[in-house]
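Participant: Structure: run.pdb, PDB, C-alpha atoms and all ligand atoms.
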```
ATOM      1  CA  MET Y   1     -18.928  34.925 203.311
ATOM      2  CA  SER Y   2     -16.066  32.567 204.062
ATOM      3  CA  ALA Y   3     -14.097  32.623 207.300
ATOM      4  CA  GLY Y   4     -16.208  33.249 210.345
ATOM      5  CA  VAL Y   5     -19.438  32.217 208.674
ATOM      6  CA  ASP Y   6     -21.569  29.191 209.287
ATOM      7  CA  ARG Y   7     -24.867  28.187 207.805
ATOM      8  CA  CYS Y   8     -27.496  26.062 209.470
ATOM      9  CA  THR Y   9     -30.893  24.802 208.518
ATOM     10  CA  THR Y  10     -33.660  25.324 210.989
ATOM     11  CA  ALA Y  11     -35.477  22.658 212.886
ATOM     12  CA  PRO Y  12     -39.096  22.339 211.768
ATOM     13  CA  GLU Y  13     -40.699  22.042 215.196
ATOM     14  CA  THR Y  14     -43.736  24.157 215.795
ATOM     15  CA  HIS Y  15     -45.078  23.423 219.286
ATOM     16  CA  PRO Y  16     -43.738  23.398 222.054
ATOM     17  CA  PRO Y  17     -41.310  24.458 223.449
ATOM     18  CA  ALA Y  18     -41.452  28.191 223.130
ATOM     19  CA  ARG Y  19     -37.737  28.416 222.924
ATOM     20  CA  PHE Y  20     -34.929  28.098 220.495
ATOM     21  CA  VAL Y  21     -31.525  26.635 221.017
ATOM     22  CA  LEU Y  22     -28.128  28.026 220.227
ATOM     23  CA  ARG Y  23     -25.450  25.536 219.211
ATOM     24  CA  ARG Y  24     -21.925  26.204 218.205
ATOM     25  CA  ALA Y  25     -21.158  24.100 215.173
ATOM     26  CA  ARG Y  26     -17.397  24.629 215.396
ATOM     27  CA  PRO Y  27     -16.377  26.507 218.504
ATOM     28  CA  ASP Y  28     -12.912  27.375 217.187
ATOM     29  CA  ALA Y  29     -13.765  29.433 214.172
ATOM     30  CA  PHE Y  30     -17.370  29.016 213.252
ATOM     31  CA  ARG Y  31     -20.622  29.451 215.045
ATOM     32  CA  GLY Y  32     -23.920  27.908 214.134
ATOM     33  CA  VAL Y  33     -27.404  28.383 215.282
ATOM     34  CA  GLN Y  34     -30.153  25.831 215.167
ATOM     35  CA  LEU Y  35     -33.551  27.216 215.833
ATOM     36  CA  ARG Y  36     -36.493  25.876 217.646
ATOM     37  CA  ASN Y  37     -39.823  27.541 217.849
ATOM     38  CA  PRO Y  38     -39.742  30.587 220.141
ATOM     39  CA  GLY Y  39     -43.503  30.538 220.467
ATOM     40  CA  TYR Y  40     -43.981  32.615 217.369
ATOM     41  CA  GLY Y  41     -44.474  29.805 214.854
ATOM     42  CA  PRO Y  42     -41.979  28.156 212.522
ATOM     43  CA  TYR Y  43     -38.808  29.908 211.527
ATOM     44  CA  PRO Y  44     -39.775  31.904 208.424
ATOM     45  CA  TYR Y  45     -36.810  31.155 206.140
ATOM     46  CA  PRO Y  46     -35.128  28.003 204.855
ATOM     47  CA  SER Y  47     -31.790  28.878 206.402
ATOM     48  CA  LEU Y  48     -30.071  31.290 208.715
ATOM     49  CA  THR Y  49     -26.597  32.684 208.230
ATOM     50  CA  ILE Y  50     -24.675  33.984 211.216
ATOM     51  CA  ALA Y  51     -21.845  36.121 209.913
ATOM     52  CA  GLU Y  52     -19.046  37.322 212.134
ATOM     53  CA  ALA Y  53     -18.598  40.903 211.058
ATOM     54  CA  GLY Y  54     -15.736  42.834 212.578
ATOM     55  CA  PRO Y  55     -14.380  43.114 216.084
ATOM     56  CA  ARG Y  56     -16.940  45.470 217.523
ATOM     57  CA  LEU Y  57     -19.502  45.153 220.283
ATOM     58  CA  TRP Y  58     -22.141  45.122 217.604
ATOM     59  CA  ALA Y  59     -24.831  43.001 216.020
ATOM     60  CA  HIS Y  60     -27.464  43.624 213.408
ATOM     61  CA  GLU Y  61     -30.305  41.690 211.877
ATOM     62  CA  PHE Y  62     -31.374  41.183 208.289
ATOM     63  CA  PRO Y  63     -33.828  38.648 206.846
ATOM     64  CA  ALA Y  64     -32.226  35.186 207.182
ATOM     65  CA  LEU Y  65     -28.958  36.861 208.137
ATOM     66  CA  VAL Y  66     -27.379  38.181 211.316
ATOM     67  CA  PHE Y  67     -24.126  40.095 211.505
ATOM     68  CA  VAL Y  68     -22.413  39.765 214.860
ATOM     69  CA  GLY Y  69     -19.214  41.403 216.046
ATOM     70  CA  THR Y  70     -16.478  39.228 217.454
ATOM     71  CA  ALA Y  71     -16.809  40.906 220.829
ATOM     72  CA  VAL Y  72     -20.319  39.530 221.303
ATOM     73  CA  ILE Y  73     -20.548  36.452 219.108
ATOM     74  CA  ASP Y  74     -20.242  34.197 222.143
ATOM     75  CA  ASP Y  75     -22.912  36.140 223.991
ATOM     76  CA  ALA Y  76     -26.053  34.001 223.994
ATOM     77  CA  TYR Y  77     -28.215  36.983 224.866
ATOM     78  CA  VAL Y  78     -27.068  38.871 221.789
ATOM     79  CA  MET Y  79     -27.620  35.837 219.594
ATOM     80  CA  TYR Y  80     -31.092  35.137 220.954
ATOM     81  CA  HIS Y  81     -32.054  38.772 220.568
ATOM     82  CA  GLU Y  82     -30.854  38.995 216.984
ATOM     83  CA  ILE Y  83     -32.419  35.707 215.970
ATOM     84  CA  ALA Y  84     -35.774  36.807 217.377
ATOM     85  CA  HIS Y  85     -35.665  39.607 214.843
ATOM     86  CA  GLN Y  86     -36.203  36.961 212.176
ATOM     87  CA  TRP Y  87     -39.808  36.931 213.368
ATOM     88  CA  PHE Y  88     -40.078  40.558 214.445
ATOM     89  CA  TYR Y  89     -39.115  42.626 212.035
ATOM     90  CA  ALA Y  90     -38.363  40.165 209.208
ATOM     91  CA  ALA Y  91     -41.462  37.934 209.008
ATOM     92  CA  LEU Y  92     -43.714  40.538 210.568
ATOM     93  CA  GLY Y  93     -42.348  43.932 209.662
ATOM     94  CA  ASN Y  94     -42.546  47.320 211.294
ATOM     95  CA  ASP Y  95     -41.023  50.738 210.778
ATOM     96  CA  GLN Y  96     -37.914  50.245 212.860
ATOM     97  CA  GLN Y  97     -37.228  53.941 213.075
ATOM     98  CA  ALA Y  98     -40.713  55.047 214.018
ATOM     99  CA  ASP Y  99     -41.815  52.003 215.975
ATOM    100  CA  PRO Y 100     -38.873  50.273 217.660
ATOM    101  CA  ILE Y 101     -41.048  48.984 220.475
ATOM    102  CA  VAL Y 102     -42.552  46.466 218.063
ATOM    103  CA  ASP Y 103     -39.382  44.654 217.046
ATOM    104  CA  GLU Y 104     -36.820  45.600 219.697
ATOM    105  CA  GLY Y 105     -39.192  45.079 222.589
ATOM    106  CA  LEU Y 106     -40.280  41.679 221.325
ATOM    107  CA  ALA Y 107     -36.719  40.623 220.500
ATOM    108  CA  GLU Y 108     -35.682  41.558 224.005
ATOM    109  CA  LEU Y 109     -38.627  39.699 225.498
ATOM    110  CA  SER Y 110     -37.638  36.626 223.537
ATOM    111  CA  ALA Y 111     -34.022  36.738 224.682
ATOM    112  CA  ASN Y 112     -35.051  37.267 228.290
ATOM    113  CA  THR Y 113     -37.527  34.418 228.053
ATOM    114  CA  VAL Y 114     -34.989  31.977 226.678
ATOM    115  CA  LEU Y 115     -32.378  32.934 229.242
ATOM    116  CA  GLY Y 116     -34.786  33.220 232.166
ATOM    117  CA  ARG Y 117     -33.725  36.772 232.863
ATOM    118  CA  GLY Y 118     -35.685  39.346 234.819
ATOM    119  CA  TYR Y 119     -37.323  42.494 233.562
ATOM    120  CA  ALA Y 120     -35.816  45.319 235.580
ATOM    121  CA  TYR Y 121     -35.777  48.806 234.129
ATOM    122  CA  CYS Y 122     -35.351  52.343 235.373
ATOM    123  CA  SER Y 123     -36.760  54.443 232.532
ATOM    124  CA  SER Y 124     -39.771  56.613 233.290
ATOM    125  CA  LEU Y 125     -40.377  57.325 229.612
ATOM    126  CA  ARG Y 126     -43.146  55.815 227.537
ATOM    127  CA  VAL Y 127     -42.158  52.818 225.450
ATOM    128  CA  ASP Y 128     -43.976  53.725 222.245
ATOM    129  CA  GLN Y 129     -41.568  56.386 221.031
ATOM    130  CA  PRO Y 130     -39.551  56.683 217.810
ATOM    131  CA  VAL Y 131     -35.794  56.241 217.671
ATOM    132  CA  ASP Y 132     -35.294  59.915 216.855
ATOM    133  CA  ARG Y 133     -36.811  60.826 220.207
ATOM    134  CA  TRP Y 134     -33.163  60.434 221.288
ATOM    135  CA  PRO Y 135     -30.699  62.769 219.544
ATOM    136  CA  ALA Y 136     -28.149  61.044 217.329
ATOM    137  CA  GLY Y 137     -25.336  62.999 218.974
ATOM    138  CA  HIS Y 138     -25.880  61.444 222.369
ATOM    139  CA  LEU Y 139     -22.965  59.749 224.018
ATOM    140  CA  ILE Y 140     -23.225  56.013 224.521
ATOM    141  CA  GLY Y 141     -23.846  56.518 228.233
ATOM    142  CA  GLU Y 142     -26.839  58.680 227.457
ATOM    143  CA  TRP Y 143     -28.230  55.981 225.194
ATOM    144  CA  MET Y 144     -27.758  53.397 227.955
ATOM    145  CA  GLY Y 145     -28.865  55.480 230.962
ATOM    146  CA  CYS Y 146     -32.293  55.490 232.596
ATOM    147  CA  GLY Y 147     -33.623  58.052 230.168
ATOM    148  CA  GLY Y 148     -31.898  56.436 227.223
ATOM    149  CA  TYR Y 149     -33.075  54.561 224.187
ATOM    150  CA  PHE Y 150     -31.911  51.121 225.292
ATOM    151  CA  GLU Y 151     -33.293  51.374 228.778
ATOM    152  CA  THR Y 152     -36.640  52.606 227.484
ATOM    153  CA  ILE Y 153     -37.186  50.544 224.367
ATOM    154  CA  TYR Y 154     -35.275  47.368 225.193
ATOM    155  CA  HIS Y 155     -35.514  46.925 228.934
ATOM    156  CA  LYS Y 156     -38.772  48.703 229.690
ATOM    157  CA  GLY Y 157     -40.163  47.465 226.393
ATOM    158  CA  ALA Y 158     -39.455  43.857 227.346
ATOM    159  CA  ALA Y 159     -41.031  44.476 230.756
ATOM    160  CA  PHE Y 160     -44.089  45.834 228.970
ATOM    161  CA  TYR Y 161     -44.490  42.714 226.861
ATOM    162  CA  ASP Y 162     -43.828  40.526 229.883
ATOM    163  CA  ALA Y 163     -46.601  42.337 231.761
ATOM    164  CA  MET Y 164     -48.855  41.972 228.731
ATOM    165  CA  ARG Y 165     -48.064  38.254 228.592
ATOM    166  CA  ASP Y 166     -48.916  37.964 232.289
ATOM    167  CA  ARG Y 167     -52.176  39.817 231.808
ATOM    168  CA  MET Y 168     -53.268  37.816 228.781
ATOM    169  CA  GLY Y 169     -51.715  34.495 229.669
ATOM    170  CA  SER Y 170     -48.961  33.002 227.544
ATOM    171  CA  THR Y 171     -51.340  31.058 225.323
ATOM    172  CA  ALA Y 172     -53.350  34.113 224.282
ATOM    173  CA  PHE Y 173     -50.274  36.329 224.041
ATOM    174  CA  TYR Y 174     -48.403  34.017 221.676
ATOM    175  CA  ALA Y 175     -51.573  33.165 219.773
ATOM    176  CA  THR Y 176     -51.952  36.873 219.034
ATOM    177  CA  LEU Y 177     -48.404  37.080 217.725
ATOM    178  CA  ARG Y 178     -48.773  33.928 215.651
ATOM    179  CA  SER Y 179     -52.024  35.192 214.196
ATOM    180  CA  LEU Y 180     -50.360  38.421 213.116
ATOM    181  CA  LEU Y 181     -47.404  36.512 211.723
ATOM    182  CA  THR Y 182     -49.856  34.674 209.515
ATOM    183  CA  SER Y 183     -52.268  37.422 208.516
ATOM    184  CA  GLU Y 184     -49.658  40.158 208.050
ATOM    185  CA  ARG Y 185     -46.745  37.999 206.956
ATOM    186  CA  PHE Y 186     -44.028  40.077 205.277
ATOM    187  CA  GLY Y 187     -46.185  43.123 205.739
ATOM    188  CA  LEU Y 188     -45.908  45.973 208.220
ATOM    189  CA  ILE Y 189     -47.724  46.652 211.457
ATOM    190  CA  THR Y 190     -47.655  49.640 213.788
ATOM    191  CA  HIS Y 191     -47.469  49.476 217.555
ATOM    192  CA  ASP Y 192     -51.090  50.679 217.676
ATOM    193  CA  GLU Y 193     -52.138  47.736 215.506
ATOM    194  CA  LEU Y 194     -50.173  45.330 217.680
ATOM    195  CA  PHE Y 195     -51.628  46.707 220.895
ATOM    196  CA  ALA Y 196     -55.117  46.622 219.361
ATOM    197  CA  ALA Y 197     -54.613  42.951 218.524
ATOM    198  CA  PHE Y 198     -53.761  42.239 222.174
ATOM    199  CA  GLU Y 199     -56.883  44.100 223.270
ATOM    200  CA  ALA Y 200     -59.045  42.283 220.740
ATOM    201  CA  ARG Y 201     -57.782  38.929 222.007
ATOM    202  CA  THR Y 202     -58.009  39.841 225.695
ATOM    203  CA  PRO Y 203     -60.172  42.848 226.565
ATOM    204  CA  GLY Y 204     -58.681  44.971 229.337
ATOM    205  CA  THR Y 205     -55.058  44.934 228.232
ATOM    206  CA  ARG Y 206     -55.073  48.704 227.830
ATOM    207  CA  THR Y 207     -54.560  48.963 231.571
ATOM    208  CA  VAL Y 208     -51.176  47.298 231.014
ATOM    209  CA  LEU Y 209     -50.471  49.560 228.086
ATOM    210  CA  GLY Y 210     -51.312  52.600 230.194
ATOM    211  CA  ARG Y 211     -48.683  51.687 232.775
ATOM    212  CA  PHE Y 212     -45.972  51.782 230.152
ATOM    213  CA  THR Y 213     -47.154  54.616 227.948
ATOM    214  CA  ASN Y 214     -48.605  56.951 230.561
ATOM    215  CA  HIS Y 215     -51.872  56.971 228.672
TER     216      HIS Y 215
HETATM  217 ZN    ZN B   1     -32.557  44.380 218.180
END
```
Once more with this new file: its structure as structure tokens, please.
Facilitator:
Amino acid sequence: MSAGVDRCTTAPETHPPARFVLRRARPDAFRGVQLRNPGYGPYPYPSLTIAEAGPRLWAHEFPALVFVGTAVIDDAYVMYHEIAHQWFYAALGNDQQADPIVDEGLAELSANTVLGRGYAYCSSLRVDQPVDRWPAGHLIGEWMGCGGYFETIYHKGAAFYDAMRDRMGSTAFYATLRSLLTSERFGLITHDELFAAFEARTPGTRTVLGRFTNH
């Protein structure tokens, strides 16, 4: 935890804006992140450590900690995605193997929202599938292709949440997430429980769900 590591304390803002801000503390060797509220409520930990971990095109989240490969540490999308995991799966947990749509879909939505990106996807598969739906021996291209894990869970998953946000309205959508972050804090939820919370807040959202799960 020396070279390549920076540590920042989060900003305490709660409302609005529904965004957080990436700042490089020392562009030469160190990177820092200062958070603002992404619409999910306050950052759940007293600090966040961004650790540069190897040269690879790789990043991974842990509570209050993100490992990022050198190849992507300057990529704002990667950073925003990984930081969003501090809310979804860290503050509000899920089974990341069985239920990746909960955390990966929401992390992707958050990154897209911050960056103003679109929600294109080409997968025809349902978004509520476990990681092991895709064989571990797949080549990277198969993971990234239209029938792949990333296209289905990340891209189509983000489009699903974006459509849900449109259907509910941003206020109700984020209020649902914030409510769960409070009531289930540091617990686990399933995708069924999350989708049920959307429906409870805004009746009729199952029509959105049906478009993305072929229900
Ligand atoms: Zn992720």
Participant: Using all atoms listed in the file, can you tell me which of Y:Glu193, Y:Glu82, Y:Glu52, Y:Asp103 comes closest to Y:Ile153?
Facilitator: Y:Asp103
Participant: Taking the file as shown, find all residues satisfying the PyMOL selection byres (((not hetatm)) within 12 of (chain B and resi 1)) and write them as an mmCIF file with C-alpha atoms, in the coordinates of the input.
Facilitator:
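What landed in selection-v2.cif:
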```
data_model
loop_
_atom_site.group_PDB
_atom_site.id
_atom_site.type_symbol
_atom_site.label_atom_id
_atom_site.label_comp_id
_atom_site.auth_asym_id
_atom_site.auth_seq_id
_atom_site.Cartn_x
_atom_site.Cartn_y
_atom_site.Cartn_z
ATOM 1 C CA TRP Y 58 -22.141 45.122 217.604
ATOM 2 C CA ALA Y 59 -24.831 43.001 216.020
ATOM 3 C CA HIS Y 60 -27.464 43.624 213.408
ATOM 4 C CA GLU Y 61 -30.305 41.690 211.877
ATOM 5 C CA PHE Y 62 -31.374 41.183 208.289
ATOM 6 C CA VAL Y 66 -27.379 38.181 211.316
ATOM 7 C CA PHE Y 67 -24.126 40.095 211.505
ATOM 8 C CA VAL Y 68 -22.413 39.765 214.860
ATOM 9 C CA TYR Y 77 -28.215 36.983 224.866
ATOM 10 C CA VAL Y 78 -27.068 38.871 221.789
ATOM 11 C CA MET Y 79 -27.620 35.837 219.594
ATOM 12 C CA TYR Y 80 -31.092 35.137 220.954
ATOM 13 C CA HIS Y 81 -32.054 38.772 220.568
ATOM 14 C CA GLU Y 82 -30.854 38.995 216.984
ATOM 15 C CA ILE Y 83 -32.419 35.707 215.970
ATOM 16 C CA ALA Y 84 -35.774 36.807 217.377
ATOM 17 C CA HIS Y 85 -35.665 39.607 214.843
ATOM 18 C CA GLN Y 86 -36.203 36.961 212.176
ATOM 19 C CA TRP Y 87 -39.808 36.931 213.368
ATOM 20 C CA PHE Y 88 -40.078 40.558 214.445
ATOM 21 C CA TYR Y 89 -39.115 42.626 212.035
ATOM 22 C CA ALA Y 90 -38.363 40.165 209.208
ATOM 23 C CA GLN Y 96 -37.914 50.245 212.860
ATOM 24 C CA GLN Y 97 -37.228 53.941 213.075
ATOM 25 C CA PRO Y 100 -38.873 50.273 217.660
ATOM 26 C CA ILE Y 101 -41.048 48.984 220.475
ATOM 27 C CA VAL Y 102 -42.552 46.466 218.063
ATOM 28 C CA ASP Y 103 -39.382 44.654 217.046
ATOM 29 C CA GLU Y 104 -36.820 45.600 219.697
ATOM 30 C CA GLY Y 105 -39.192 45.079 222.589
ATOM 31 C CA LEU Y 106 -40.280 41.679 221.325
ATOM 32 C CA ALA Y 107 -36.719 40.623 220.500
ATOM 33 C CA GLU Y 108 -35.682 41.558 224.005
ATOM 34 C CA LEU Y 109 -38.627 39.699 225.498
ATOM 35 C CA SER Y 110 -37.638 36.626 223.537
ATOM 36 C CA ALA Y 111 -34.022 36.738 224.682
ATOM 37 C CA TYR Y 149 -33.075 54.561 224.187
ATOM 38 C CA PHE Y 150 -31.911 51.121 225.292
ATOM 39 C CA ILE Y 153 -37.186 50.544 224.367
ATOM 40 C CA TYR Y 154 -35.275 47.368 225.193
ATOM 41 C CA HIS Y 155 -35.514 46.925 228.934
ATOM 42 C CA GLY Y 157 -40.163 47.465 226.393
ATOM 43 C CA ALA Y 158 -39.455 43.857 227.346
#
```
Participant: Using only C-alpha atoms for the distances, tell me which of Y:Leu125, Y:Ala196, Y:Leu188, Y:Ala91 is nearest to Y:Gly41.
Facilitator: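 For Y:Gly41, the nearest of the given residues is Y:Ala91.
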Participant: With a distance cut-off of 9 Å and all atoms listed in the file, select the neighbouring residues of Y:Ala197, excluding the residue or stretch itself and same-chain residues fewer than 3 positions from it, and output the selection as a PyMOL selection string.
Facilitator: chain Y and resi 176-177+180+192-194+200-202
Participant: Quick one: distance from atom CA of Y:Gln129 to atom CA of Y:Lys156 in Å, one decimal?
Facilitator: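 Answer for the atom CA of Y:Gln129 to atom CA of Y:Lys156 separation: 11.9 Å.
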Participant: Which value, in Å to one decimal, gives the distance between atom CA of Y:Asp75 and atom CA of Y:Gly116?
Facilitator: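 Value for the atom CA of Y:Asp75-atom CA of Y:Gly116 distance: 14.7 Å.
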Participant: Convert the output of the PyMOL selection byres (((chain Y and resi 208) around 8) and not hetatm) on the shown file into explicit residues, formatted as a PyMOL selection string.
Facilitator: chain Y and resi 160+163-164+167+205-207+209-212
Participant: Mind writing the picked residues with C-alpha atoms as a PDB file, keeping the file's coordinate frame?
Facilitator:
```pdb
ATOM      1  CA  PHE Y 160     -44.089  45.834 228.970  1.00  0.00           C
ATOM      2  CA  ALA Y 163     -46.601  42.337 231.761  1.00  0.00           C
ATOM      3  CA  MET Y 164     -48.855  41.972 228.731  1.00  0.00           C
ATOM      4  CA  ARG Y 167     -52.176  39.817 231.808  1.00  0.00           C
ATOM      5  CA  THR Y 205     -55.058  44.934 228.232  1.00  0.00           C
ATOM      6  CA  ARG Y 206     -55.073  48.704 227.830  1.00  0.00           C
ATOM      7  CA  THR Y 207     -54.560  48.963 231.571  1.00  0.00           C
ATOM      8  CA  LEU Y 209     -50.471  49.560 228.086  1.00  0.00           C
ATOM      9  CA  GLY Y 210     -51.312  52.600 230.194  1.00  0.00           C
ATOM     10  CA  ARG Y 211     -48.683  51.687 232.775  1.00  0.00           C
ATOM     11  CA  PHE Y 212     -45.972  51.782 230.152  1.00  0.00           C
TER      12      PHE Y 212
END
```
Participant: Quick one: of Y:Tyr161, Y:Trp143, Y:Trp134, Y:Tyr45, who's nearest to Y:Tyr174, counting only C-alpha atoms?
Facilitator: Y:Tyr161
Participant: In Å to one decimal, how far is atom CA of Y:Asp162 from atom CA of Y:Val114?
Facilitator: 12.7 Å
Participant: Which is closest to Y:Phe186 among Y:Gly54, Y:Pro135, Y:Pro63, Y:Pro42, if we use all atoms listed in the file?
Facilitator: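 For Y:Phe186, the nearest of the candidates is Y:Pro63.
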Participant: Counting only C-alpha atoms, find residues at most 6 Å from (-26.8, 34.0, 206.4) (file frame) and give them as a ChimeraX atom specification.
Facilitator: /Y:48-50,64-65
Participant: Translate the PyMOL selection byres (((chain Y and resi 130) around 6) and not hetatm), as applied to the file shown, into an explicit residue set as an MDAnalysis selection string.
Facilitator: chainID Y and resid 97:99 129 131:133
